[in-house]
$ cat work12.cif   # mmCIF, N, CA and C atoms
data_entry
loop_
_atom_site.label_atom_id
_atom_site.label_comp_id
_atom_site.auth_asym_id
_atom_site.auth_seq_id
_atom_site.Cartn_x
_atom_site.Cartn_y
_atom_site.Cartn_z
N VAL A 745 -11.56 8.04 -11.61
CA VAL A 745 -11.63 6.93 -10.66
C VAL A 745 -10.55 7.12 -9.60
N GLN A 746 -10.88 6.84 -8.37
CA GLN A 746 -9.90 6.90 -7.28
C GLN A 746 -9.46 5.48 -6.95
N LEU A 747 -8.17 5.35 -6.67
CA LEU A 747 -7.60 4.05 -6.38
C LEU A 747 -6.97 4.06 -4.99
N GLN A 748 -7.07 2.94 -4.31
CA GLN A 748 -6.44 2.81 -3.00
C GLN A 748 -5.74 1.47 -2.92
N ALA A 749 -4.43 1.53 -2.76
CA ALA A 749 -3.63 0.31 -2.63
C ALA A 749 -3.48 -0.05 -1.16
N SER A 750 -3.47 -1.34 -0.90
CA SER A 750 -3.32 -1.82 0.47
C SER A 750 -2.68 -3.20 0.46
N GLY A 751 -2.31 -3.66 1.64
CA GLY A 751 -1.79 -5.02 1.77
C GLY A 751 -0.30 -5.12 1.99
N GLY A 752 0.39 -4.00 2.00
CA GLY A 752 1.83 -4.05 2.23
C GLY A 752 2.16 -4.41 3.67
N GLY A 753 3.42 -4.67 3.90
CA GLY A 753 3.86 -5.02 5.24
C GLY A 753 5.26 -5.55 5.24
N LEU A 754 5.64 -6.12 6.36
CA LEU A 754 6.97 -6.70 6.53
C LEU A 754 6.88 -8.21 6.35
N VAL A 755 7.76 -8.75 5.52
CA VAL A 755 7.76 -10.19 5.26
C VAL A 755 9.20 -10.66 5.12
N GLN A 756 9.44 -11.90 5.49
CA GLN A 756 10.78 -12.46 5.34
C GLN A 756 11.02 -12.88 3.88
N ALA A 757 12.27 -12.90 3.51
CA ALA A 757 12.64 -13.35 2.17
C ALA A 757 12.07 -14.75 1.92
N GLY A 758 11.52 -14.92 0.73
CA GLY A 758 10.88 -16.17 0.39
C GLY A 758 9.39 -16.19 0.67
N GLY A 759 8.92 -15.20 1.39
CA GLY A 759 7.52 -15.14 1.75
C GLY A 759 6.64 -14.55 0.66
N SER A 760 5.37 -14.39 0.98
CA SER A 760 4.38 -13.92 0.03
C SER A 760 3.54 -12.79 0.62
N LEU A 761 3.05 -11.96 -0.26
CA LEU A 761 2.08 -10.92 0.10
C LEU A 761 1.13 -10.75 -1.07
N ARG A 762 -0.07 -10.32 -0.78
CA ARG A 762 -1.00 -9.95 -1.83
C ARG A 762 -1.44 -8.51 -1.62
N LEU A 763 -1.16 -7.70 -2.60
CA LEU A 763 -1.60 -6.30 -2.56
C LEU A 763 -2.93 -6.18 -3.29
N SER A 764 -3.74 -5.25 -2.81
CA SER A 764 -5.01 -4.96 -3.44
C SER A 764 -5.04 -3.52 -3.91
N CYS A 765 -5.79 -3.29 -4.95
CA CYS A 765 -5.98 -1.94 -5.49
C CYS A 765 -7.47 -1.77 -5.69
N ALA A 766 -8.11 -1.07 -4.76
CA ALA A 766 -9.55 -0.90 -4.79
C ALA A 766 -9.93 0.40 -5.47
N ALA A 767 -10.89 0.33 -6.36
CA ALA A 767 -11.33 1.51 -7.10
C ALA A 767 -12.64 2.05 -6.52
N SER A 768 -12.87 3.33 -6.80
CA SER A 768 -14.02 4.00 -6.21
C SER A 768 -15.31 3.78 -6.98
N ASP A 769 -15.21 3.44 -8.25
CA ASP A 769 -16.44 3.28 -9.02
C ASP A 769 -16.25 2.31 -10.18
N ARG A 770 -17.35 2.01 -10.84
CA ARG A 770 -17.36 0.95 -11.85
C ARG A 770 -16.64 1.32 -13.13
N THR A 771 -16.24 2.59 -13.27
CA THR A 771 -15.44 2.93 -14.45
C THR A 771 -14.09 2.21 -14.42
N PHE A 772 -13.77 1.65 -13.28
CA PHE A 772 -12.54 0.88 -13.12
C PHE A 772 -12.38 -0.13 -14.25
N SER A 773 -13.46 -0.71 -14.70
CA SER A 773 -13.40 -1.79 -15.68
C SER A 773 -12.95 -1.34 -17.06
N ILE A 774 -12.92 -0.04 -17.33
CA ILE A 774 -12.53 0.43 -18.66
C ILE A 774 -11.04 0.76 -18.73
N TYR A 775 -10.35 0.58 -17.61
CA TYR A 775 -8.93 0.95 -17.56
C TYR A 775 -8.00 -0.26 -17.48
N THR A 776 -6.88 -0.13 -18.16
CA THR A 776 -5.75 -1.00 -17.89
C THR A 776 -5.20 -0.62 -16.52
N VAL A 777 -4.88 -1.61 -15.71
CA VAL A 777 -4.31 -1.34 -14.40
C VAL A 777 -2.85 -1.77 -14.39
N GLY A 778 -2.01 -0.86 -13.97
CA GLY A 778 -0.59 -1.16 -13.86
C GLY A 778 -0.13 -1.10 -12.42
N TRP A 779 0.94 -1.81 -12.16
CA TRP A 779 1.59 -1.75 -10.85
C TRP A 779 3.00 -1.21 -11.03
N PHE A 780 3.36 -0.28 -10.20
CA PHE A 780 4.69 0.31 -10.16
C PHE A 780 5.27 0.10 -8.77
N ARG A 781 6.55 0.25 -8.69
CA ARG A 781 7.19 0.27 -7.38
C ARG A 781 8.33 1.26 -7.38
N GLN A 782 8.62 1.77 -6.19
CA GLN A 782 9.73 2.70 -6.03
C GLN A 782 10.51 2.28 -4.81
N ALA A 783 11.72 1.85 -5.04
CA ALA A 783 12.61 1.45 -3.95
C ALA A 783 13.28 2.69 -3.37
N PRO A 784 13.72 2.63 -2.13
CA PRO A 784 14.37 3.79 -1.51
C PRO A 784 15.56 4.27 -2.34
N GLY A 785 15.56 5.54 -2.65
CA GLY A 785 16.67 6.13 -3.39
C GLY A 785 16.69 5.84 -4.87
N LYS A 786 15.63 5.19 -5.38
CA LYS A 786 15.59 4.85 -6.80
C LYS A 786 14.35 5.44 -7.45
N GLU A 787 14.38 5.48 -8.77
CA GLU A 787 13.21 5.94 -9.49
C GLU A 787 12.15 4.84 -9.53
N SER A 788 10.94 5.25 -9.74
CA SER A 788 9.87 4.27 -9.83
C SER A 788 9.99 3.48 -11.13
N GLU A 789 9.50 2.25 -11.07
CA GLU A 789 9.53 1.39 -12.25
C GLU A 789 8.22 0.64 -12.38
N VAL A 790 7.79 0.43 -13.59
CA VAL A 790 6.62 -0.40 -13.82
C VAL A 790 7.02 -1.85 -13.63
N ILE A 791 6.15 -2.64 -13.05
CA ILE A 791 6.44 -4.06 -12.90
C ILE A 791 5.45 -4.93 -13.66
N GLY A 792 4.30 -4.38 -14.01
CA GLY A 792 3.36 -5.17 -14.78
C GLY A 792 2.04 -4.46 -14.95
N ALA A 793 1.18 -5.07 -15.76
CA ALA A 793 -0.13 -4.49 -16.01
C ALA A 793 -1.11 -5.57 -16.40
N ILE A 794 -2.38 -5.25 -16.28
CA ILE A 794 -3.43 -6.17 -16.65
C ILE A 794 -4.45 -5.43 -17.49
N SER A 795 -4.97 -6.12 -18.49
CA SER A 795 -5.92 -5.50 -19.40
C SER A 795 -7.28 -5.26 -18.75
N ARG A 796 -8.12 -4.56 -19.43
CA ARG A 796 -9.42 -4.19 -18.89
C ARG A 796 -10.25 -5.39 -18.47
N SER A 797 -10.24 -6.41 -19.28
CA SER A 797 -11.02 -7.60 -18.98
C SER A 797 -10.30 -8.55 -18.03
N GLY A 798 -9.00 -8.37 -17.92
CA GLY A 798 -8.19 -9.30 -17.14
C GLY A 798 -7.63 -10.45 -17.95
N ALA A 799 -7.91 -10.46 -19.24
CA ALA A 799 -7.47 -11.58 -20.07
C ALA A 799 -5.98 -11.55 -20.38
N SER A 800 -5.40 -10.35 -20.35
CA SER A 800 -3.98 -10.21 -20.72
C SER A 800 -3.20 -9.56 -19.60
N THR A 801 -2.01 -10.06 -19.39
CA THR A 801 -1.10 -9.46 -18.42
C THR A 801 0.27 -9.32 -19.04
N ARG A 802 1.02 -8.37 -18.54
CA ARG A 802 2.40 -8.16 -18.94
C ARG A 802 3.24 -7.93 -17.69
N TYR A 803 4.48 -8.43 -17.72
CA TYR A 803 5.37 -8.29 -16.58
C TYR A 803 6.77 -7.94 -17.05
N VAL A 804 7.49 -7.26 -16.19
CA VAL A 804 8.91 -7.04 -16.47
C VAL A 804 9.67 -8.29 -16.02
N ASP A 805 10.85 -8.44 -16.58
CA ASP A 805 11.60 -9.68 -16.35
C ASP A 805 11.95 -9.91 -14.88
N SER A 806 12.18 -8.83 -14.16
CA SER A 806 12.66 -8.98 -12.78
C SER A 806 11.65 -9.65 -11.86
N ILE A 807 10.40 -9.64 -12.21
CA ILE A 807 9.38 -10.24 -11.34
C ILE A 807 8.61 -11.37 -12.03
N LYS A 808 8.92 -11.61 -13.27
CA LYS A 808 8.21 -12.63 -14.03
C LYS A 808 8.38 -14.00 -13.36
N GLY A 809 7.27 -14.70 -13.21
CA GLY A 809 7.30 -16.01 -12.58
C GLY A 809 7.12 -15.97 -11.08
N ARG A 810 7.26 -14.80 -10.48
CA ARG A 810 7.10 -14.67 -9.03
C ARG A 810 5.84 -13.88 -8.68
N PHE A 811 5.54 -12.88 -9.49
CA PHE A 811 4.40 -12.01 -9.23
C PHE A 811 3.29 -12.29 -10.24
N THR A 812 2.05 -12.15 -9.79
CA THR A 812 0.90 -12.34 -10.67
C THR A 812 -0.10 -11.22 -10.44
N ILE A 813 -0.52 -10.62 -11.54
CA ILE A 813 -1.54 -9.56 -11.47
C ILE A 813 -2.87 -10.15 -11.90
N SER A 814 -3.91 -9.81 -11.16
CA SER A 814 -5.25 -10.23 -11.51
C SER A 814 -6.22 -9.10 -11.19
N ARG A 815 -7.45 -9.26 -11.57
CA ARG A 815 -8.46 -8.26 -11.26
C ARG A 815 -9.82 -8.92 -11.20
N ASP A 816 -10.70 -8.29 -10.42
CA ASP A 816 -12.09 -8.70 -10.33
C ASP A 816 -12.91 -7.43 -10.53
N ASN A 817 -13.41 -7.24 -11.73
CA ASN A 817 -14.14 -6.00 -12.02
C ASN A 817 -15.45 -5.91 -11.25
N THR A 818 -16.01 -7.04 -10.87
CA THR A 818 -17.25 -6.98 -10.08
C THR A 818 -16.97 -6.42 -8.69
N LYS A 819 -15.75 -6.58 -8.23
CA LYS A 819 -15.35 -6.03 -6.93
C LYS A 819 -14.56 -4.73 -7.08
N LYS A 820 -14.37 -4.29 -8.31
CA LYS A 820 -13.64 -3.05 -8.58
C LYS A 820 -12.25 -3.09 -7.95
N THR A 821 -11.60 -4.22 -8.06
CA THR A 821 -10.32 -4.41 -7.38
C THR A 821 -9.34 -5.17 -8.26
N ALA A 822 -8.10 -4.72 -8.23
CA ALA A 822 -7.00 -5.45 -8.86
C ALA A 822 -6.07 -5.96 -7.77
N TYR A 823 -5.31 -6.98 -8.11
CA TYR A 823 -4.45 -7.62 -7.11
C TYR A 823 -3.05 -7.81 -7.66
N LEU A 824 -2.10 -7.80 -6.77
CA LEU A 824 -0.73 -8.15 -7.09
C LEU A 824 -0.30 -9.21 -6.09
N GLN A 825 -0.26 -10.45 -6.56
CA GLN A 825 0.20 -11.56 -5.72
C GLN A 825 1.71 -11.68 -5.87
N MET A 826 2.42 -11.57 -4.78
CA MET A 826 3.87 -11.60 -4.80
C MET A 826 4.36 -12.81 -4.01
N ASN A 827 5.03 -13.70 -4.70
CA ASN A 827 5.61 -14.89 -4.09
C ASN A 827 7.12 -14.86 -4.23
N GLY A 828 7.79 -15.63 -3.41
CA GLY A 828 9.24 -15.69 -3.51
C GLY A 828 9.90 -14.33 -3.35
N LEU A 829 9.42 -13.56 -2.39
CA LEU A 829 9.91 -12.19 -2.24
C LEU A 829 11.39 -12.16 -1.86
N LYS A 830 12.06 -11.17 -2.37
CA LYS A 830 13.48 -10.97 -2.13
C LYS A 830 13.69 -9.59 -1.49
N PRO A 831 14.80 -9.42 -0.78
CA PRO A 831 15.06 -8.09 -0.21
C PRO A 831 15.04 -6.97 -1.27
N ASP A 832 15.44 -7.29 -2.50
CA ASP A 832 15.41 -6.29 -3.57
C ASP A 832 14.00 -5.87 -3.96
N ASP A 833 13.00 -6.61 -3.52
CA ASP A 833 11.61 -6.22 -3.79
C ASP A 833 11.10 -5.17 -2.82
N THR A 834 11.91 -4.82 -1.83
CA THR A 834 11.52 -3.79 -0.88
C THR A 834 11.28 -2.47 -1.61
N ALA A 835 10.08 -1.93 -1.47
CA ALA A 835 9.71 -0.72 -2.19
C ALA A 835 8.30 -0.31 -1.76
N THR A 836 7.94 0.89 -2.16
CA THR A 836 6.54 1.29 -2.08
C THR A 836 5.89 0.93 -3.40
N TYR A 837 4.77 0.24 -3.31
CA TYR A 837 4.08 -0.25 -4.50
C TYR A 837 2.84 0.59 -4.76
N PHE A 838 2.67 0.93 -6.02
CA PHE A 838 1.56 1.77 -6.45
C PHE A 838 0.76 1.06 -7.53
N CYS A 839 -0.54 1.26 -7.50
CA CYS A 839 -1.35 0.84 -8.63
C CYS A 839 -1.80 2.10 -9.36
N ALA A 840 -2.08 1.93 -10.64
CA ALA A 840 -2.46 3.07 -11.46
C ALA A 840 -3.37 2.59 -12.59
N ALA A 841 -4.16 3.51 -13.12
CA ALA A 841 -5.10 3.19 -14.18
C ALA A 841 -4.76 3.99 -15.43
N SER A 842 -4.80 3.28 -16.55
CA SER A 842 -4.46 3.88 -17.84
C SER A 842 -5.56 3.63 -18.85
N SER A 843 -5.75 4.61 -19.73
CA SER A 843 -6.69 4.42 -20.84
C SER A 843 -6.05 3.64 -21.98
N ALA A 844 -4.74 3.50 -21.94
CA ALA A 844 -4.04 2.79 -23.01
C ALA A 844 -4.26 1.28 -22.86
N PRO A 845 -4.56 0.61 -23.93
CA PRO A 845 -4.80 -0.83 -23.85
C PRO A 845 -3.52 -1.64 -23.88
N ILE A 846 -3.66 -2.91 -23.55
CA ILE A 846 -2.58 -3.86 -23.76
C ILE A 846 -2.84 -4.54 -25.10
N SER A 847 -1.85 -4.49 -25.97
CA SER A 847 -1.98 -5.13 -27.27
C SER A 847 -0.92 -6.21 -27.40
N MET A 848 -0.90 -6.85 -28.56
CA MET A 848 0.10 -7.89 -28.76
C MET A 848 1.52 -7.32 -28.68
N LYS A 849 1.68 -6.07 -29.11
CA LYS A 849 3.03 -5.51 -29.21
C LYS A 849 3.35 -4.49 -28.13
N THR A 850 2.36 -3.87 -27.56
CA THR A 850 2.64 -2.78 -26.63
C THR A 850 1.75 -2.87 -25.38
N TRP A 851 2.24 -2.25 -24.37
CA TRP A 851 1.45 -2.05 -23.15
C TRP A 851 1.99 -0.81 -22.46
N PRO A 852 1.17 -0.14 -21.68
CA PRO A 852 1.62 1.12 -21.05
C PRO A 852 2.66 0.86 -19.98
N THR A 853 3.85 1.41 -20.19
CA THR A 853 4.97 1.17 -19.28
C THR A 853 5.50 2.42 -18.60
N THR A 854 5.05 3.59 -19.03
CA THR A 854 5.57 4.82 -18.45
C THR A 854 4.55 5.46 -17.51
N ARG A 855 5.05 6.23 -16.57
CA ARG A 855 4.17 6.91 -15.64
C ARG A 855 3.19 7.82 -16.37
N ASP A 856 3.66 8.44 -17.44
CA ASP A 856 2.80 9.37 -18.18
C ASP A 856 1.60 8.69 -18.80
N ALA A 857 1.68 7.40 -19.01
CA ALA A 857 0.57 6.67 -19.63
C ALA A 857 -0.57 6.42 -18.67
N TYR A 858 -0.35 6.68 -17.39
CA TYR A 858 -1.34 6.40 -16.36
C TYR A 858 -1.91 7.69 -15.80
N THR A 859 -3.23 7.73 -15.73
CA THR A 859 -3.92 8.95 -15.33
C THR A 859 -4.25 8.98 -13.84
N TYR A 860 -4.63 7.83 -13.32
CA TYR A 860 -5.08 7.76 -11.93
C TYR A 860 -4.13 6.87 -11.13
N TRP A 861 -3.84 7.32 -9.90
CA TRP A 861 -2.86 6.64 -9.06
C TRP A 861 -3.40 6.41 -7.67
N GLY A 862 -3.04 5.25 -7.11
CA GLY A 862 -3.28 5.01 -5.70
C GLY A 862 -2.17 5.63 -4.87
N GLN A 863 -2.31 5.58 -3.57
CA GLN A 863 -1.40 6.29 -2.69
C GLN A 863 -0.13 5.51 -2.36
N GLY A 864 -0.05 4.26 -2.70
CA GLY A 864 1.14 3.47 -2.42
C GLY A 864 1.03 2.70 -1.13
N THR A 865 1.64 1.52 -1.12
CA THR A 865 1.69 0.70 0.07
C THR A 865 3.10 0.12 0.18
N LEU A 866 3.67 0.19 1.37
CA LEU A 866 5.08 -0.18 1.57
C LEU A 866 5.23 -1.67 1.80
N VAL A 867 6.14 -2.26 1.05
CA VAL A 867 6.50 -3.67 1.22
C VAL A 867 7.97 -3.72 1.63
N THR A 868 8.23 -4.36 2.75
CA THR A 868 9.59 -4.51 3.24
C THR A 868 9.90 -5.99 3.36
N VAL A 869 10.97 -6.41 2.69
CA VAL A 869 11.37 -7.81 2.70
C VAL A 869 12.69 -7.92 3.45
N SER A 870 12.66 -8.66 4.54
CA SER A 870 13.87 -8.81 5.35
C SER A 870 14.63 -10.07 4.93
N SER A 871 15.94 -9.99 5.08
CA SER A 871 16.79 -11.13 4.66
C SER A 871 16.99 -12.12 5.79
#
$ encode --input "work12.cif" --output "structure tokens"
Amino acid sequence: VQLQASGGGLVQAGGSLRLSCAASDRTFSIYTVGWFRQAPGKESEVIGAISRSGASTRYVDSIKGRFTISRDNTKKTAYLQMNGLKPDDTATYFCAASSAPISMKTWPTTRDAYTYWGQGTLVTVSS
């Protein structure tokens, strides 16, 4: 499956953006979708993921309560709604697809767990 992330841009601190991750085909629905980000000069980090059906989500603490991941399998698209943006959220954001499921105890958090990647979309948050 091919993924394409979009929706990045420049926003003031406290603002909101919604990123989209569009997939090329209906196999999208069999994958866990994760979102990563890479800030300038830093390594990439996972920020969250959503299960195949969309029933389960997981987030890292740094964005919990501010960001929400959702998906619409009929549209072959996942979303990252970002509210309360901070300058520290400035990064290139990537979506990725993994065959690993989200369970009660685990979810795919490493880059190696994801097979398919979108090209990234830049989010810049000004202070």
$ residues_around --input "work12.cif" --residues "A:Met826" --least-positions-apart "4" --cutoff "8 Å" --atoms "only N, CA and C atoms" --output "MDAnalysis selection string"
chainID A and resid 758:763 810:813
$ residues_around --input "work12.cif" --residues "stretch 783-796 of chain A" --least-positions-apart "5" --cutoff "8 Å" --atoms "all atoms listed in the file" --output "PyMOL selection string"
chain A and resi 772-778+801-808+813-815+817+832-837+844-847+851-855
$ atom_distance --input "work12.cif" --atom1 "atom CA of A:Thr865" --atom2 "atom CA of A:Cys765"
9.8 Å
$ axis_aligned_box --input "work12.cif" --around "stretch 751-763 of chain A" --padding-each-side "4 Å" --output "lines of an AutoDock Vina configuration file"
center_x = 4.9
center_y = -9.9
center_z = 1.6
size_x = 23.6
size_y = 20.5
size_z = 17.8
$ resolve_selection --input "work12.cif" --expression "the PyMOL selection byres ((chain A and resi 748) around 6.5)" --output "list in words"
Gln746, Leu747, Ala749, Ser750, Ser764, Cys765, Ala766, Ala767, Ser768, Trp861, Gly862, Gln863 and Gly864 of chain A
$ atom_distance --input "work12.cif" --atom1 "atom N of A:Thr859" --atom2 "atom CA of A:Cys839"
10.1 Å
$ atom_distance --input "work12.cif" --atom1 "atom CA of A:Gln825" --atom2 "atom CA of A:Gly752"
11.1 Å
$ select_by_dssp --input "work12.cif" --residues "chain A" --states "strand (DSSP E or B)" --output "PyMOL selection string"
chain A and resi 747-750+753-756+761-767+776-782+789-794+801-803+811-816+821-826+835-842+860-861+865-870
$ select_by_dssp --input "work12.cif" --residues "chain A" --states "helix (DSSP H, G or I)" --output "ChimeraX atom specification"
/A:770-774,831-833,855-857
$ closest_residue --input "work12.cif" --among "A:Gly753, A:Gly828, A:Gly809, A:Gly798" --to "A:Thr868" --atoms "only C-alpha atoms"
A:Gly753
$ closest_residue --input "work12.cif" --among "A:Ala857, A:Leu824, A:Ala799, A:Leu829" --to "A:Ser871" --atoms "only C-alpha atoms"
A:Leu829
$ closest_residue --input "work12.cif" --among "A:Ala841, A:Ala757, A:Met848, A:Leu866" --to "A:Asn827" --atoms "only C-alpha atoms"
A:Ala757
$ decode --input "work12.cif" --residues "stretch 824-834 of chain A" --atoms "all heavy atoms" --output "PDB file, in the first residue's frame"
ATOM      1  N   LEU A 824      -4.764  12.818  11.662  1.00  0.00           N
ATOM      2  CA  LEU A 824      -4.145  13.240  12.904  1.00  0.00           C
ATOM      3  C   LEU A 824      -4.633  14.656  13.179  1.00  0.00           C
ATOM      4  O   LEU A 824      -4.206  15.604  12.513  1.00  0.00           O
ATOM      5  CB  LEU A 824      -2.616  13.205  12.802  1.00  0.00           C
ATOM      6  CG  LEU A 824      -1.856  13.718  14.033  1.00  0.00           C
ATOM      7  CD1 LEU A 824      -2.123  12.824  15.247  1.00  0.00           C
ATOM      8  CD2 LEU A 824      -0.354  13.788  13.747  1.00  0.00           C
ATOM      9  N   GLN A 825      -5.559  14.771  14.118  1.00  0.00           N
ATOM     10  CA  GLN A 825      -6.065  16.076  14.525  1.00  0.00           C
ATOM     11  C   GLN A 825      -5.177  16.611  15.636  1.00  0.00           C
ATOM     12  O   GLN A 825      -5.028  15.962  16.675  1.00  0.00           O
ATOM     13  CB  GLN A 825      -7.511  15.967  15.014  1.00  0.00           C
ATOM     14  CG  GLN A 825      -8.097  17.274  15.528  1.00  0.00           C
ATOM     15  CD  GLN A 825      -8.279  18.306  14.430  1.00  0.00           C
ATOM     16  OE1 GLN A 825      -8.758  17.986  13.339  1.00  0.00           O
ATOM     17  NE2 GLN A 825      -7.895  19.541  14.704  1.00  0.00           N
ATOM     18  N   MET A 826      -4.592  17.762  15.416  1.00  0.00           N
ATOM     19  CA  MET A 826      -3.663  18.344  16.369  1.00  0.00           C
ATOM     20  C   MET A 826      -4.227  19.662  16.883  1.00  0.00           C
ATOM     21  O   MET A 826      -4.422  20.599  16.109  1.00  0.00           O
ATOM     22  CB  MET A 826      -2.299  18.580  15.704  1.00  0.00           C
ATOM     23  CG  MET A 826      -1.707  17.320  15.084  1.00  0.00           C
ATOM     24  SD  MET A 826      -0.050  17.572  14.425  1.00  0.00           S
ATOM     25  CE  MET A 826      -0.411  18.696  13.081  1.00  0.00           C
ATOM     26  N   ASN A 827      -4.488  19.710  18.167  1.00  0.00           N
ATOM     27  CA  ASN A 827      -4.988  20.917  18.815  1.00  0.00           C
ATOM     28  C   ASN A 827      -3.982  21.408  19.848  1.00  0.00           C
ATOM     29  O   ASN A 827      -3.122  20.641  20.291  1.00  0.00           O
ATOM     30  CB  ASN A 827      -6.321  20.633  19.506  1.00  0.00           C
ATOM     31  CG  ASN A 827      -7.392  20.174  18.539  1.00  0.00           C
ATOM     32  OD1 ASN A 827      -7.436  20.599  17.374  1.00  0.00           O
ATOM     33  ND2 ASN A 827      -8.276  19.306  19.007  1.00  0.00           N
ATOM     34  N   GLY A 828      -4.098  22.656  20.224  1.00  0.00           N
ATOM     35  CA  GLY A 828      -3.194  23.184  21.232  1.00  0.00           C
ATOM     36  C   GLY A 828      -1.734  23.048  20.845  1.00  0.00           C
ATOM     37  O   GLY A 828      -0.892  22.702  21.669  1.00  0.00           O
ATOM     38  N   LEU A 829      -1.439  23.347  19.600  1.00  0.00           N
ATOM     39  CA  LEU A 829      -0.073  23.141  19.110  1.00  0.00           C
ATOM     40  C   LEU A 829       0.926  24.044  19.821  1.00  0.00           C
ATOM     41  O   LEU A 829       0.615  25.193  20.170  1.00  0.00           O
ATOM     42  CB  LEU A 829      -0.028  23.368  17.606  1.00  0.00           C
ATOM     43  CG  LEU A 829      -0.579  22.188  16.785  1.00  0.00           C
ATOM     44  CD1 LEU A 829      -0.936  22.635  15.378  1.00  0.00           C
ATOM     45  CD2 LEU A 829       0.422  21.055  16.764  1.00  0.00           C
ATOM     46  N   LYS A 830       2.098  23.504  20.012  1.00  0.00           N
ATOM     47  CA  LYS A 830       3.190  24.204  20.681  1.00  0.00           C
ATOM     48  C   LYS A 830       4.388  24.287  19.731  1.00  0.00           C
ATOM     49  O   LYS A 830       4.523  23.453  18.841  1.00  0.00           O
ATOM     50  CB  LYS A 830       3.597  23.438  21.935  1.00  0.00           C
ATOM     51  CG  LYS A 830       2.484  23.142  22.908  1.00  0.00           C
ATOM     52  CD  LYS A 830       2.980  22.255  24.045  1.00  0.00           C
ATOM     53  CE  LYS A 830       1.868  21.904  25.012  1.00  0.00           C
ATOM     54  NZ  LYS A 830       2.356  21.017  26.117  1.00  0.00           N
ATOM     55  N   PRO A 831       5.274  25.251  19.952  1.00  0.00           N
ATOM     56  CA  PRO A 831       6.470  25.310  19.100  1.00  0.00           C
ATOM     57  C   PRO A 831       7.257  23.993  19.089  1.00  0.00           C
ATOM     58  O   PRO A 831       7.845  23.634  18.066  1.00  0.00           O
ATOM     59  CB  PRO A 831       7.272  26.444  19.724  1.00  0.00           C
ATOM     60  CG  PRO A 831       6.232  27.356  20.300  1.00  0.00           C
ATOM     61  CD  PRO A 831       5.162  26.429  20.825  1.00  0.00           C
ATOM     62  N   ASP A 832       7.232  23.263  20.205  1.00  0.00           N
ATOM     63  CA  ASP A 832       7.937  21.974  20.263  1.00  0.00           C
ATOM     64  C   ASP A 832       7.316  20.918  19.359  1.00  0.00           C
ATOM     65  O   ASP A 832       7.926  19.867  19.131  1.00  0.00           O
ATOM     66  CB  ASP A 832       7.959  21.445  21.702  1.00  0.00           C
ATOM     67  CG  ASP A 832       8.962  22.172  22.582  1.00  0.00           C
ATOM     68  OD1 ASP A 832       9.777  22.949  22.038  1.00  0.00           O
ATOM     69  OD2 ASP A 832       8.927  21.976  23.801  1.00  0.00           O
ATOM     70  N   ASP A 833       6.120  21.168  18.855  1.00  0.00           N
ATOM     71  CA  ASP A 833       5.498  20.226  17.923  1.00  0.00           C
ATOM     72  C   ASP A 833       5.994  20.412  16.497  1.00  0.00           C
ATOM     73  O   ASP A 833       5.623  19.636  15.610  1.00  0.00           O
ATOM     74  CB  ASP A 833       3.973  20.395  17.955  1.00  0.00           C
ATOM     75  CG  ASP A 833       3.365  20.028  19.293  1.00  0.00           C
ATOM     76  OD1 ASP A 833       3.790  19.017  19.886  1.00  0.00           O
ATOM     77  OD2 ASP A 833       2.456  20.759  19.751  1.00  0.00           O
ATOM     78  N   THR A 834       6.817  21.425  16.277  1.00  0.00           N
ATOM     79  CA  THR A 834       7.371  21.648  14.950  1.00  0.00           C
ATOM     80  C   THR A 834       8.190  20.440  14.512  1.00  0.00           C
ATOM     81  O   THR A 834       9.125  20.027  15.211  1.00  0.00           O
ATOM     82  CB  THR A 834       8.250  22.908  14.937  1.00  0.00           C
ATOM     83  OG1 THR A 834       7.423  24.050  15.178  1.00  0.00           O
ATOM     84  CG2 THR A 834       8.964  23.059  13.601  1.00  0.00           C
TER      85      THR A 834
END
